[in-house]
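Next comes input-v8.txt, with compact mmCIF, C-alpha atoms.
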```txt
# COMPACT_ATOMS: atom_id res chain seq x y z
CA MET A 20 -82.66 27.27 -13.46
CA TYR A 21 -86.38 27.70 -13.97
CA LYS A 22 -89.06 27.55 -11.31
CA VAL A 23 -91.76 24.92 -11.72
CA THR A 24 -95.09 25.18 -9.92
CA LEU A 25 -96.77 21.77 -9.88
CA LYS A 26 -100.27 20.85 -8.80
CA VAL A 27 -100.72 17.14 -8.28
CA ARG A 28 -102.68 14.86 -5.93
CA ASN A 29 -104.49 17.94 -4.60
CA GLN A 30 -101.22 19.45 -3.44
CA GLN A 31 -98.96 22.19 -4.72
CA PHE A 32 -95.19 21.99 -5.04
CA GLU A 33 -92.55 24.44 -6.16
CA TYR A 34 -89.14 23.33 -7.32
CA ASN A 35 -86.26 24.24 -9.59
CA CYS A 36 -85.66 22.60 -12.94
CA ALA A 37 -82.52 22.94 -15.10
CA PRO A 38 -82.99 23.63 -18.84
CA ASP A 39 -81.68 20.17 -19.77
CA GLN A 40 -83.81 18.34 -17.18
CA THR A 41 -87.33 17.02 -17.51
CA PRO A 42 -89.73 18.46 -14.92
CA LEU A 43 -90.36 14.85 -13.87
CA ARG A 44 -86.69 14.14 -13.10
CA ALA A 45 -86.21 17.47 -11.31
CA ALA A 46 -89.25 16.79 -9.09
CA ARG A 47 -88.15 13.26 -8.25
CA ASN A 48 -84.71 14.55 -7.30
CA GLU A 49 -86.46 16.62 -4.62
CA PHE A 50 -88.65 13.68 -3.48
CA ILE A 51 -91.77 15.33 -4.88
CA PRO A 52 -94.35 12.60 -5.67
CA PHE A 53 -94.51 13.17 -9.41
CA PRO A 54 -96.67 10.46 -11.07
CA THR A 55 -94.06 8.35 -12.82
CA GLY A 56 -94.44 5.42 -15.19
CA CYS A 57 -92.32 4.24 -18.09
CA GLN A 58 -90.38 7.51 -18.55
CA ARG A 59 -90.42 6.75 -22.27
CA GLY A 60 -93.52 8.57 -23.48
CA GLY A 61 -95.45 5.31 -23.69
CA CYS A 62 -97.82 5.05 -20.73
CA GLY A 63 -99.08 8.60 -20.15
CA MET A 64 -98.88 8.52 -16.34
CA CYS A 65 -96.97 11.81 -16.21
CA LYS A 66 -99.41 13.72 -18.44
CA MET A 67 -99.66 17.36 -17.43
CA LYS A 68 -101.66 20.37 -18.53
CA VAL A 69 -99.31 23.32 -18.95
CA LEU A 70 -101.09 26.38 -17.54
CA GLU A 71 -98.28 28.81 -18.22
CA GLY A 72 -94.75 28.78 -19.58
CA GLU A 73 -92.61 27.66 -22.49
CA TYR A 74 -91.48 24.10 -23.01
CA LYS A 75 -90.38 21.69 -25.67
CA GLN A 76 -92.23 18.38 -25.97
CA GLU A 77 -90.47 15.39 -27.51
CA LEU A 78 -92.82 14.52 -30.37
CA GLU A 79 -91.97 10.84 -30.65
CA ARG A 80 -94.38 9.45 -28.08
CA SER A 81 -97.39 7.17 -27.84
CA HIS A 82 -100.39 8.94 -29.33
CA GLU A 83 -102.54 6.97 -26.90
CA ALA A 84 -100.62 8.63 -24.06
CA LEU A 85 -100.72 12.09 -25.67
CA SER A 86 -102.84 12.65 -28.78
CA ASP A 87 -102.20 15.38 -31.34
CA GLU A 88 -105.30 17.15 -30.06
CA GLU A 89 -104.05 17.08 -26.48
CA LEU A 90 -100.66 18.28 -27.65
CA ALA A 91 -102.31 21.23 -29.42
CA ASN A 92 -104.31 21.99 -26.25
CA GLY A 93 -101.25 22.38 -24.04
CA PHE A 94 -100.99 18.90 -22.58
CA ALA A 95 -97.53 17.41 -22.29
CA LEU A 96 -95.70 14.32 -21.07
CA ALA A 97 -93.38 15.41 -18.26
CA CYS A 98 -90.98 12.48 -18.82
CA CYS A 99 -90.05 13.68 -22.29
CA MET A 100 -90.24 17.47 -22.27
CA THR A 101 -87.76 20.19 -21.38
CA VAL A 102 -88.51 23.49 -19.71
CA LYS A 103 -87.79 26.79 -21.54
CA SER A 104 -89.13 29.26 -18.93
CA ASN A 105 -90.75 29.21 -15.50
CA LEU A 106 -93.56 26.69 -15.73
CA ASP A 107 -96.98 26.28 -14.14
CA ILE A 108 -98.28 22.72 -14.58
CA ILE A 109 -101.11 20.60 -13.21
CA SER A 110 -101.46 16.83 -13.58
CA ALA A 111 -104.03 15.77 -16.17
CA ALA A 112 -105.98 13.97 -13.43
CA ASP A 113 -106.07 17.04 -11.14
CA TYR A 114 -106.96 19.22 -14.13
CA GLU A 115 -109.90 16.98 -14.97
CA ASP A 116 -111.09 17.09 -11.35
CA GLN A 117 -110.83 20.88 -11.40
CA LEU A 118 -112.92 21.07 -14.58
CA LYS A 119 -115.55 18.76 -13.09
CA LYS A 120 -115.74 20.89 -9.94
CA ALA A 121 -116.02 24.06 -12.01
CA ASN A 122 -118.84 22.52 -14.06
CA LEU A 123 -120.67 21.51 -10.89
CA GLU A 124 -120.33 25.05 -9.52
CA GLU A 125 -121.72 26.44 -12.76
CA ALA A 126 -124.67 24.06 -12.64
CA LYS A 127 -125.60 25.24 -9.11
CA MET B 14 -103.92 -35.40 -26.41
CA THR B 15 -104.42 -32.09 -28.10
CA ARG B 16 -102.27 -29.49 -26.45
CA VAL B 17 -101.23 -25.87 -26.50
CA MET B 18 -97.45 -26.13 -26.19
CA ARG B 19 -96.36 -22.65 -25.22
CA LEU B 20 -96.57 -18.93 -25.66
CA GLY B 21 -94.78 -18.84 -28.98
CA ARG B 22 -94.71 -15.24 -29.99
CA VAL B 23 -95.62 -11.72 -29.01
CA GLU B 24 -95.97 -8.73 -31.30
CA LEU B 25 -95.37 -5.32 -29.73
CA ASN B 26 -96.03 -1.86 -31.07
CA VAL B 27 -92.94 0.34 -30.94
CA LEU B 28 -92.59 4.06 -31.53
CA ASN B 29 -89.16 3.97 -33.17
CA LEU B 30 -88.14 0.79 -34.97
CA ASP B 31 -84.37 1.46 -35.10
CA LYS B 32 -84.12 2.41 -31.41
CA SER B 33 -86.24 -0.58 -30.44
CA VAL B 34 -84.24 -3.07 -32.49
CA GLU B 35 -81.05 -1.68 -30.97
CA TYR B 36 -82.50 -2.12 -27.47
CA TYR B 37 -83.88 -5.62 -28.03
CA THR B 38 -80.65 -6.85 -29.67
CA LYS B 39 -78.01 -4.99 -27.64
CA VAL B 40 -79.61 -4.70 -24.18
CA ILE B 41 -81.98 -7.68 -24.11
CA GLY B 42 -79.64 -9.60 -26.39
CA LEU B 43 -82.08 -11.16 -28.85
CA GLU B 44 -81.07 -12.00 -32.40
CA GLU B 45 -82.71 -10.33 -35.39
CA THR B 46 -84.00 -13.03 -37.72
CA GLY B 47 -85.76 -11.04 -40.42
CA ARG B 48 -87.66 -7.97 -41.56
CA MET B 49 -90.92 -7.54 -43.40
CA GLY B 50 -92.75 -4.26 -43.97
CA ASN B 51 -92.67 -2.21 -40.76
CA SER B 52 -91.80 -5.21 -38.61
CA VAL B 53 -88.60 -6.75 -37.30
CA TYR B 54 -88.49 -10.38 -36.14
CA LEU B 55 -86.33 -11.60 -33.27
CA LYS B 56 -85.58 -14.71 -31.23
CA ALA B 57 -83.60 -15.60 -28.10
CA TRP B 58 -80.47 -17.75 -28.43
CA ASP B 59 -82.03 -20.84 -26.85
CA GLU B 60 -85.18 -20.72 -28.97
CA PHE B 61 -85.32 -22.78 -32.15
CA ASP B 62 -88.34 -21.36 -33.98
CA HIS B 63 -87.93 -18.45 -36.40
CA HIS B 64 -89.06 -15.76 -33.96
CA SER B 65 -90.69 -15.17 -30.61
CA LEU B 66 -90.88 -11.37 -30.74
CA ILE B 67 -92.11 -9.09 -33.50
CA LEU B 68 -91.57 -5.33 -33.22
CA THR B 69 -93.94 -3.30 -35.38
CA LYS B 70 -93.66 0.41 -35.92
CA SER B 71 -96.69 2.36 -34.69
CA ASN B 72 -97.64 5.70 -33.18
CA LYS B 73 -98.56 3.96 -29.94
CA ALA B 74 -97.03 1.35 -27.64
CA GLY B 75 -98.58 -1.91 -26.42
CA LEU B 76 -99.49 -5.38 -27.57
CA VAL B 77 -100.49 -6.13 -31.17
CA HIS B 78 -101.05 -9.83 -30.65
CA LEU B 79 -99.93 -12.85 -28.70
CA ALA B 80 -99.87 -16.38 -30.08
CA PHE B 81 -99.64 -19.90 -28.70
CA LYS B 82 -98.07 -22.78 -30.59
CA VAL B 83 -100.18 -25.96 -30.74
CA GLU B 84 -98.77 -29.46 -31.10
CA THR B 85 -100.16 -30.47 -34.50
CA ILE B 86 -101.69 -28.72 -37.48
CA ASP B 87 -104.98 -30.56 -36.81
CA ASP B 88 -105.18 -28.89 -33.40
CA LEU B 89 -106.04 -25.64 -35.15
CA ALA B 90 -109.43 -26.97 -36.31
CA TYR B 91 -110.04 -28.60 -32.91
CA TYR B 92 -109.45 -25.38 -30.97
CA GLU B 93 -111.23 -23.30 -33.59
CA ARG B 94 -114.41 -25.25 -32.86
CA LYS B 95 -113.94 -25.03 -29.08
CA ILE B 96 -113.29 -21.28 -29.23
CA GLU B 97 -116.43 -20.77 -31.34
CA GLU B 98 -118.44 -22.89 -28.89
CA PHE B 99 -117.25 -20.65 -26.07
CA GLY B 100 -118.68 -17.72 -27.99
CA CYS B 101 -115.61 -16.06 -29.49
CA THR B 102 -115.40 -15.42 -33.22
CA THR B 103 -112.46 -16.97 -35.03
CA THR B 104 -110.88 -16.10 -38.34
CA ARG B 105 -108.08 -17.79 -40.23
CA ILE B 106 -104.91 -15.88 -40.96
CA SER B 107 -103.29 -17.24 -44.10
CA SER B 108 -99.73 -18.53 -44.36
CA ASN B 109 -97.00 -15.95 -44.80
CA SER B 110 -99.11 -13.00 -43.65
CA ARG B 111 -96.06 -12.48 -41.49
CA LEU B 112 -92.51 -13.66 -42.04
CA GLY B 113 -91.90 -17.39 -41.57
CA GLU B 114 -95.40 -18.13 -40.26
CA GLY B 115 -97.92 -20.73 -41.35
CA GLU B 116 -101.67 -20.50 -40.98
CA ALA B 117 -103.08 -19.19 -37.70
CA VAL B 118 -106.45 -19.07 -35.97
CA HIS B 119 -107.23 -15.57 -34.72
CA PHE B 120 -109.68 -14.60 -31.99
CA ILE B 121 -110.15 -11.88 -29.42
CA LEU B 122 -109.85 -12.83 -25.75
CA PRO B 123 -112.65 -11.85 -23.33
CA THR B 124 -110.20 -9.16 -22.15
CA GLY B 125 -109.97 -7.65 -25.64
CA HIS B 126 -106.48 -8.86 -26.56
CA HIS B 127 -105.82 -10.22 -30.05
CA CYS B 128 -104.71 -13.82 -29.75
CA GLU B 129 -103.70 -16.51 -32.24
CA LEU B 130 -103.00 -20.22 -32.31
CA TYR B 131 -100.53 -21.63 -34.84
CA HIS B 132 -98.48 -24.69 -35.49
CA GLU B 133 -96.28 -23.94 -38.49
CA ILE B 134 -93.36 -21.57 -38.16
CA GLY B 135 -89.87 -21.53 -39.68
CA PHE B 136 -87.11 -23.43 -37.87
CA LEU B 137 -83.73 -21.85 -37.21
CA GLY B 138 -82.35 -23.90 -34.31
CA THR B 139 -80.75 -22.71 -31.10
CA ALA B 140 -77.39 -20.94 -31.08
CA VAL B 141 -75.70 -24.05 -29.63
CA GLY B 142 -77.35 -26.64 -31.86
CA THR B 143 -78.46 -30.14 -30.89
CA ARG B 144 -75.31 -32.23 -31.34
CA ASN B 145 -72.89 -32.22 -28.39
CA PRO B 146 -73.93 -28.65 -27.60
CA HIS B 147 -72.10 -26.22 -25.35
CA PRO B 148 -74.26 -24.90 -22.49
CA TRP B 149 -74.34 -21.40 -23.93
CA PRO B 150 -72.98 -19.71 -27.03
CA LEU B 151 -69.84 -17.60 -27.10
CA GLY B 152 -70.28 -13.91 -27.83
CA MET B 153 -73.66 -13.44 -26.15
CA LYS B 154 -74.82 -9.85 -25.92
CA GLY B 155 -76.84 -8.13 -23.21
CA ILE B 156 -79.17 -9.96 -20.85
CA ALA B 157 -79.32 -12.87 -23.31
CA PRO B 158 -82.43 -14.64 -21.98
CA HIS B 159 -83.11 -18.26 -22.88
CA ARG B 160 -86.58 -17.51 -24.14
CA LEU B 161 -89.72 -15.48 -24.07
CA ASP B 162 -91.23 -16.58 -20.76
CA HIS B 163 -94.70 -15.14 -20.18
CA LEU B 164 -97.04 -12.20 -20.58
CA LEU B 165 -99.05 -10.28 -18.00
CA LEU B 166 -102.10 -8.54 -19.43
CA THR B 167 -104.81 -6.44 -17.84
CA GLY B 168 -108.55 -6.83 -18.24
CA ASP B 169 -111.88 -6.31 -16.55
CA ASP B 170 -113.51 -9.74 -16.50
CA LEU B 171 -110.86 -12.11 -15.17
CA LYS B 172 -113.33 -14.86 -14.31
CA THR B 173 -114.38 -15.23 -17.94
CA VAL B 174 -110.87 -15.06 -19.38
CA THR B 175 -109.73 -17.66 -16.83
CA ARG B 176 -112.64 -19.90 -17.79
CA PHE B 177 -111.62 -19.44 -21.43
CA PHE B 178 -108.04 -20.56 -20.82
CA VAL B 179 -109.02 -23.46 -18.56
CA GLU B 180 -112.05 -24.78 -20.46
CA VAL B 181 -111.12 -24.00 -24.05
CA LEU B 182 -107.32 -24.06 -24.16
CA ASN B 183 -106.93 -26.61 -21.33
CA PHE B 184 -104.58 -24.45 -19.22
CA GLY B 185 -104.13 -24.92 -15.49
CA GLN B 186 -104.50 -22.11 -12.98
CA SER B 187 -101.44 -22.01 -10.72
CA GLU B 188 -102.38 -18.99 -8.61
CA ARG B 189 -105.15 -16.48 -8.16
CA VAL B 190 -105.76 -13.31 -6.21
CA VAL B 191 -109.24 -12.79 -4.74
CA THR B 192 -111.00 -10.05 -2.85
CA GLU B 193 -112.67 -10.67 0.51
CA GLY B 194 -115.28 -13.42 0.40
CA GLU B 195 -113.82 -14.51 -2.97
CA GLU B 196 -116.21 -12.06 -4.55
CA GLU B 197 -113.89 -10.83 -7.22
CA LEU B 198 -110.94 -12.33 -9.07
CA VAL B 199 -108.28 -9.63 -9.40
CA GLY B 200 -105.33 -11.78 -10.48
CA SER B 201 -105.13 -15.05 -12.42
CA PHE B 202 -101.99 -17.00 -13.31
CA LEU B 203 -102.32 -19.66 -16.00
CA PHE B 204 -99.99 -22.30 -17.42
CA THR B 205 -99.78 -24.89 -20.16
CA THR B 206 -96.05 -25.68 -19.82
CA ASN B 207 -94.51 -26.64 -16.49
CA THR B 208 -93.64 -23.04 -15.61
CA SER B 209 -95.59 -21.18 -12.96
CA HIS B 210 -97.30 -19.04 -15.60
CA ASP B 211 -97.34 -18.76 -19.38
CA ILE B 212 -99.89 -15.98 -19.26
CA ALA B 213 -101.38 -14.03 -16.41
CA PHE B 214 -104.03 -11.38 -15.97
CA VAL B 215 -104.52 -8.67 -13.39
CA LYS B 216 -107.56 -6.48 -12.97
CA GLY B 217 -107.32 -3.32 -15.06
CA PRO B 218 -108.40 -1.79 -18.34
CA ASP B 219 -109.11 -4.20 -21.20
CA ALA B 220 -106.67 -4.85 -24.04
CA LYS B 221 -103.62 -3.46 -22.25
CA LEU B 222 -100.15 -4.91 -21.76
CA HIS B 223 -98.61 -4.98 -18.30
CA HIS B 224 -95.37 -6.72 -19.27
CA ALA B 225 -93.59 -9.18 -21.49
CA ALA B 226 -91.13 -11.38 -19.58
CA PHE B 227 -87.95 -13.06 -20.76
CA GLY B 228 -86.64 -16.12 -18.97
CA VAL B 229 -83.11 -16.10 -17.53
CA GLU B 230 -81.47 -18.91 -15.59
CA SER B 231 -80.84 -17.62 -12.09
CA LEU B 232 -80.93 -14.78 -9.61
CA HIS B 233 -77.36 -14.05 -10.69
CA ASP B 234 -78.63 -13.39 -14.23
CA VAL B 235 -81.37 -11.13 -12.88
CA PHE B 236 -78.73 -9.15 -11.01
CA LYS B 237 -76.50 -9.01 -14.07
CA ALA B 238 -79.47 -7.78 -16.07
CA ALA B 239 -79.88 -4.99 -13.52
CA ASP B 240 -76.20 -4.03 -13.97
CA LEU B 241 -76.61 -3.95 -17.75
CA LEU B 242 -79.77 -1.85 -17.52
CA SER B 243 -77.91 0.74 -15.46
CA MET B 244 -75.00 0.72 -17.92
CA TYR B 245 -77.43 1.39 -20.76
CA GLU B 246 -79.51 3.85 -18.67
CA VAL B 247 -82.73 1.91 -19.18
CA PRO B 248 -85.45 3.13 -16.77
CA PHE B 249 -86.29 0.65 -14.01
CA ASP B 250 -89.72 -0.02 -12.67
CA VAL B 251 -88.56 -2.44 -9.96
CA THR B 252 -84.99 -3.43 -9.06
CA PRO B 253 -84.21 -7.12 -8.32
CA THR B 254 -86.54 -8.81 -5.86
CA ARG B 255 -88.60 -11.95 -5.37
CA HIS B 256 -92.22 -12.61 -6.22
CA GLY B 257 -94.43 -14.29 -3.63
CA ILE B 258 -96.60 -15.43 -6.51
CA SER B 259 -94.56 -17.95 -8.58
CA ARG B 260 -91.58 -17.60 -6.14
CA GLY B 261 -89.63 -16.25 -9.13
CA GLN B 262 -86.82 -13.72 -9.03
CA THR B 263 -87.44 -10.63 -11.03
CA ILE B 264 -86.55 -7.23 -12.35
CA TYR B 265 -88.86 -4.86 -14.27
CA PHE B 266 -87.85 -2.16 -16.71
CA PHE B 267 -89.15 -0.34 -19.76
CA ASP B 268 -88.33 -0.65 -23.46
CA PRO B 269 -87.83 2.54 -25.54
CA SER B 270 -91.60 2.74 -26.20
CA GLY B 271 -92.57 2.32 -22.56
CA ASN B 272 -93.57 -1.33 -22.85
CA ARG B 273 -92.64 -3.01 -19.57
CA ASN B 274 -90.20 -5.92 -19.76
CA GLU B 275 -89.23 -8.39 -17.07
CA ALA B 276 -86.19 -10.63 -16.65
CA PHE B 277 -87.60 -13.58 -14.74
CA ALA B 278 -85.75 -16.50 -13.15
CA GLY B 279 -86.78 -19.54 -11.18
CA GLY B 280 -90.28 -20.04 -9.97
CA TYR B 281 -91.61 -23.48 -9.10
CA MET B 282 -92.61 -26.17 -11.55
CA ALA B 283 -96.31 -26.28 -12.20
CA PHE B 284 -98.19 -29.54 -12.73
CA ARG B 285 -101.62 -30.17 -14.18
CA ASP B 286 -102.92 -31.60 -10.92
CA MET B 287 -101.46 -28.99 -8.56
CA PRO B 288 -103.92 -27.23 -6.29
CA THR B 289 -104.42 -23.58 -7.20
CA ILE B 290 -102.68 -21.23 -4.76
CA THR B 291 -104.88 -18.40 -3.48
CA TRP B 292 -103.72 -14.95 -2.39
CA ASP B 293 -106.00 -12.59 -0.54
CA ALA B 294 -106.12 -9.18 -2.20
CA SER B 295 -105.09 -7.72 1.19
CA LYS B 296 -101.79 -9.65 0.81
CA ILE B 297 -101.15 -8.69 -2.81
CA GLY B 298 -98.18 -6.50 -1.86
CA THR B 299 -96.37 -9.57 -0.51
CA GLY B 300 -97.60 -11.66 -3.43
CA ILE B 301 -96.10 -9.37 -6.03
CA PHE B 302 -93.04 -7.97 -4.20
CA TYR B 303 -92.12 -10.40 -1.48
CA HIS B 304 -89.52 -8.16 0.16
CA ARG B 305 -91.01 -4.70 -0.14
CA ARG B 306 -94.50 -6.03 0.73
CA GLU B 307 -96.33 -3.16 -0.91
CA LEU B 308 -97.23 -2.28 -4.47
CA SER B 309 -95.93 0.77 -6.26
CA GLU B 310 -97.94 3.28 -8.24
CA SER B 311 -95.89 2.81 -11.39
CA PHE B 312 -96.23 -0.98 -11.30
CA MET B 313 -100.00 -0.74 -10.89
CA LYS B 314 -100.74 2.09 -13.29
CA ALA B 315 -98.13 2.23 -16.06
CA LEU B 316 -99.63 0.18 -18.89
CA THR B 317 -99.23 0.27 -22.66
```

Structure rendered as structure tokens:
Amino acid sequence: MYKVTLKVRNQQFEYNCAPDQTPLRAARNEFIPFPTGCQRGGCGMCKMKVLEGEYKQELERSHEALSDEELANGFALACCMTVKSNLDIISAADYEDQLKKANLEEAK
Amino acid sequence: MTRVMRLGRVELNVLNLDKSVEYYTKVIGLEETGRMGNSVYLKAWDEFDHHSLILTKSNKAGLVHLAFKVETIDDLAYYERKIEEFGCTTTRISSNSRLGEGEAVHFILPTGHHCELYHEIGFLGTAVGTRNPHPWPLGMKGIAPHRLDHLLLTGDDLKTVTRFFVEVLNFGQSERVVTEGEEELVGSFLFTTNTSHDIAFVKGPDAKLHHAAFGVESLHDVFKAADLLSMYEVPFDVTPTRHGISRGQTIYFFDPSGNRNEAFAGGYMAFRDMPTITWDASKIGTGIFYHRRELSESFMKALT
């Protein structure tokens, strides 16, 4: 079992994830409100930024949901990835908000 | 009277052609009717034209094009002129650009979706034929819908796309969803056959697919579809329920590329002179999911 720390919808959750589970499935099993869409790598609703940890991303996915550039920059689709160590992830939407806030702070 | 007969075909992008063909033949239960290039052509058992679904390999999911069949070959020129008058650019797609297809008129809808009109397409016949037919064929696989039923697309300017379908393509509007004071149109259901909708739009990003629906006979078939989807471990969006809009019975699920599918049964008959039904946006939960009476995040946001 690995420990996943998830930031989503301005909240933080911690839960366990088995090596053969997706972090999306493991979260849903604990009633954690993980943004969930097609669960097929097509819609991009479960896009996360991985802040720390090892994982394996299924590469067959919609490039509109997760581009090669995003993949290279540590973004992942939580419906079609498996966890290889403890993981620290933040939803792409929350990550974007965080960046915006940081930029505003800098501008002050 | 010049007429658009029906939604004749839909072309979807798929991430893995083999997996998708397996799903659409084994789980949905369509029949493969041909292959050309990176595309596979399929039809439902009760359809008689060469294909109603084209799966095309891509690195993204979503809609490639949708096409309506018109009644005569001369209707192409008639609609071409009307579409141009509306302000959309048309181009002709020559015969046999795709398998079994005649010439088509191509244009882009005000919501950004690629759309075509056509008349000529190869004829294969239904699986039961037309002489003393049995009600259904032996050896059906999967959900085995009768036909492609309708599409739901998303777009920004629903007033203009509705005007396009009503004024140019002579569709009726069966239902609509409006915000307070009728300021904004956030849902529009349009028909040219006698079904409650052949195409519908909900407010959202342009050029996206919400779902492609296949028509089954009854609530029993919707429930059986749900059983099959669990047997094949297909992810659900929504388990069987009723729509307020259309009164149809429904189940939503996702194909292997994340394109949403629906098995849809029932719904009222629509007539040209029926008054349009209006839903207040505040009642949309009941309109879409009559039992649950609230929308879900996945249903609203998962698009391809």

* To do: Dig up all the protein and nucleic acid residues within 9 Å of (-102.3, 4.6, -27.1) in the file frame, using all atoms listed in the file, and format them as a PyMOL selection string.
  => (chain A and resi 61-63+81-86) or (chain B and resi 72-75+317)

* Would you list the contacts of Asn105 of chain A as a VMD selection string, taking every protein, DNA or RNA residue within 12 Å and counting only C-alpha atoms, but skipping same-chain residues closer than 4 positions in sequence? => chain A and resid 20 to 25 33 to 38 42 69 to 74 101

Give one line per residue of chain B that approaches chain A to at most 7 Å, naming the two atoms of the closest pair and their distance in Å to one decimal, counting all atoms listed in the file; sort by chain then ascending residue number and deliver it as JSON lines.
```
{"residue": "B:Leu28", "atom": "CA", "partner": "A:Arg80", "partner_atom": "CA", "distance": 6.6}
{"residue": "B:Asn72", "atom": "CA", "partner": "A:Ser81", "partner_atom": "CA", "distance": 5.5}
{"residue": "B:Lys73", "atom": "CA", "partner": "A:Ser81", "partner_atom": "CA", "distance": 4.0}
{"residue": "B:Ala74", "atom": "CA", "partner": "A:Gly61", "partner_atom": "CA", "distance": 5.8}
{"residue": "B:Pro248", "atom": "CA", "partner": "A:Gln58", "partner_atom": "CA", "distance": 6.8}
{"residue": "B:Phe267", "atom": "CA", "partner": "A:Cys57", "partner_atom": "CA", "distance": 5.8}
{"residue": "B:Pro269", "atom": "CA", "partner": "A:Arg59", "partner_atom": "CA", "distance": 5.9}
{"residue": "B:Ser270", "atom": "CA", "partner": "A:Gly61", "partner_atom": "CA", "distance": 5.3}
{"residue": "B:Gly271", "atom": "CA", "partner": "A:Gly61", "partner_atom": "CA", "distance": 4.3}
{"residue": "B:Asn272", "atom": "CA", "partner": "A:Gly61", "partner_atom": "CA", "distance": 7.0}
{"residue": "B:Ser311", "atom": "CA", "partner": "A:Gly56", "partner_atom": "CA", "distance": 4.8}
{"residue": "B:Ala315", "atom": "CA", "partner": "A:Gly56", "partner_atom": "CA", "distance": 5.0}
{"residue": "B:Leu316", "atom": "CA", "partner": "A:Cys62", "partner_atom": "CA", "distance": 5.5}
{"residue": "B:Thr317", "atom": "CA", "partner": "A:Cys62", "partner_atom": "CA", "distance": 5.3}
```

* Asked: So how many Å separate atom CA of Ala117 of chain B and atom CA of Leu222 of chain B, to one decimal?
  ->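 Calculated distance between atom CA of Ala117 of chain B and atom CA of Leu222 of chain B is 21.6 Å.
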
* Work out how far apart atom CA of Gly185 of chain B and atom CA of Met282 of chain B are and give it in Å to one decimal. =>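 Rounded to one decimal, the two atoms are 12.2 Å apart.
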
* To do: Using all atoms listed in the file, determine which residues lie at most 9 Å from Ala238 of chain B, disregarding the query and same-chain residues fewer than 3 positions distant; provide the list as a list in words.
  => Val40, Ile41, Gly155, Ile156, Ala157, His233, Asp234, Val235, Leu241, Leu242, Ser243, Ile264 and Ala276 of chain B

For C-alpha atoms, I'd like the residues from the last selection saved as a short mmCIF file (atom, residue, chain, number, x, y, z; two decimals), in the coordinates of the input.
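The result, stored in again.cif:
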```
data_model
loop_
_atom_site.label_atom_id
_atom_site.label_comp_id
_atom_site.auth_asym_id
_atom_site.auth_seq_id
_atom_site.Cartn_x
_atom_site.Cartn_y
_atom_site.Cartn_z
CA VAL B 40 -79.61 -4.70 -24.18
CA ILE B 41 -81.98 -7.68 -24.11
CA GLY B 155 -76.84 -8.13 -23.21
CA ILE B 156 -79.17 -9.96 -20.85
CA ALA B 157 -79.32 -12.87 -23.31
CA HIS B 233 -77.36 -14.05 -10.69
CA ASP B 234 -78.63 -13.39 -14.23
CA VAL B 235 -81.37 -11.13 -12.88
CA LEU B 241 -76.61 -3.95 -17.75
CA LEU B 242 -79.77 -1.85 -17.52
CA SER B 243 -77.91 0.74 -15.46
CA ILE B 264 -86.55 -7.23 -12.35
CA ALA B 276 -86.19 -10.63 -16.65
#
```

* Structure fact -> Counting only C-alpha atoms, closest pick from B:Ala57, B:Leu166, B:Ile290, B:Met18 relative to Lys221 of chain B is B:Leu166

* **Å distance separating atom CA of Arg176 of chain B from atom CA of Arg285 of chain B, one decimal place** =>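 One can read the atom CA of Arg176 of chain B to atom CA of Arg285 of chain B distance as 15.5 Å.
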
* Residue neighbourhood Phe32 of chain A, 12 Å, all atoms listed in the file, exclusion window fewer than 6 positions, as a list of chain:residue names ->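 So the residues in contact are A:Lys22, A:Val23, A:Thr24, A:Leu25, A:Lys26, A:Pro42, A:Ala45, A:Ala46, A:Arg47, A:Glu49, A:Phe50, A:Ile51, A:Pro52, A:Phe53, A:Leu106, A:Asp107, A:Ile108, A:Ile109, A:Ser110.
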
* Structure fact -> For Pro288 of chain B, the closest of B:His132, B:Arg189, B:Arg19, B:Lys82 counting all atoms listed in the file is B:Arg189

* Could you pull out every residue with an atom within 7 Å of (-102.6, 16.5, -18.5), file coordinates, counting all atoms listed in the file, and send them as a ChimeraX atom specification? => /A:66-68,94-95,109-112,114

* **Pick from B:His256, B:Trp58, B:Ser231, B:Gly300 nearest to Pro150 of chain B, counting all atoms listed in the file** =>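 Residue with the minimum atom-to-atom distance to Pro150 of chain B: B:Trp58.
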
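With all atoms listed in the file as the basis for measurement, B:Trp292 is the residue among B:Tyr131, B:Tyr245, B:Trp292, B:Phe277 that approaches Ser201 of chain B most closely.
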
* Selection near Gly100 of chain B, 12 Å with all atoms listed in the file, sequence-local residues under 3 positions removed, as a list in words -> Glu93, Arg94, Lys95, Ile96, Glu97, Thr103, Phe120, Ile121, Leu122, Pro123, Thr173, Val174, Phe177 and Val181 of chain B

Edge lengths and centre in Å to one decimal, as JSON, is what I'm after for the box along x, y and z that holds all listed atoms of segment 99-105 of chain A once 6 Å is added on each side.
```
{"center_x": -89.3, "center_y": 21.5, "center_z": -18.9, "size_x": 15.0, "size_y": 27.6, "size_z": 18.8}
```

* To do: Would you list the contacts of His304 of chain B as a list of chain:residue names, taking every protein, DNA or RNA residue within 9 Å and counting all atoms listed in the file, but skipping same-chain residues closer than 2 positions in sequence?
  =>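 Contacts, with the query itself left out: B:Thr254, B:Arg255, B:His256, B:Gly257, B:Thr299, B:Phe302, B:Arg306, B:Glu307.
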
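Each of B:Leu165, B:Ile86, B:Met287, B:Val141 was checked against Arg16 of chain B using all atoms listed in the file; the smallest atom-to-atom distance is that of B:Ile86.
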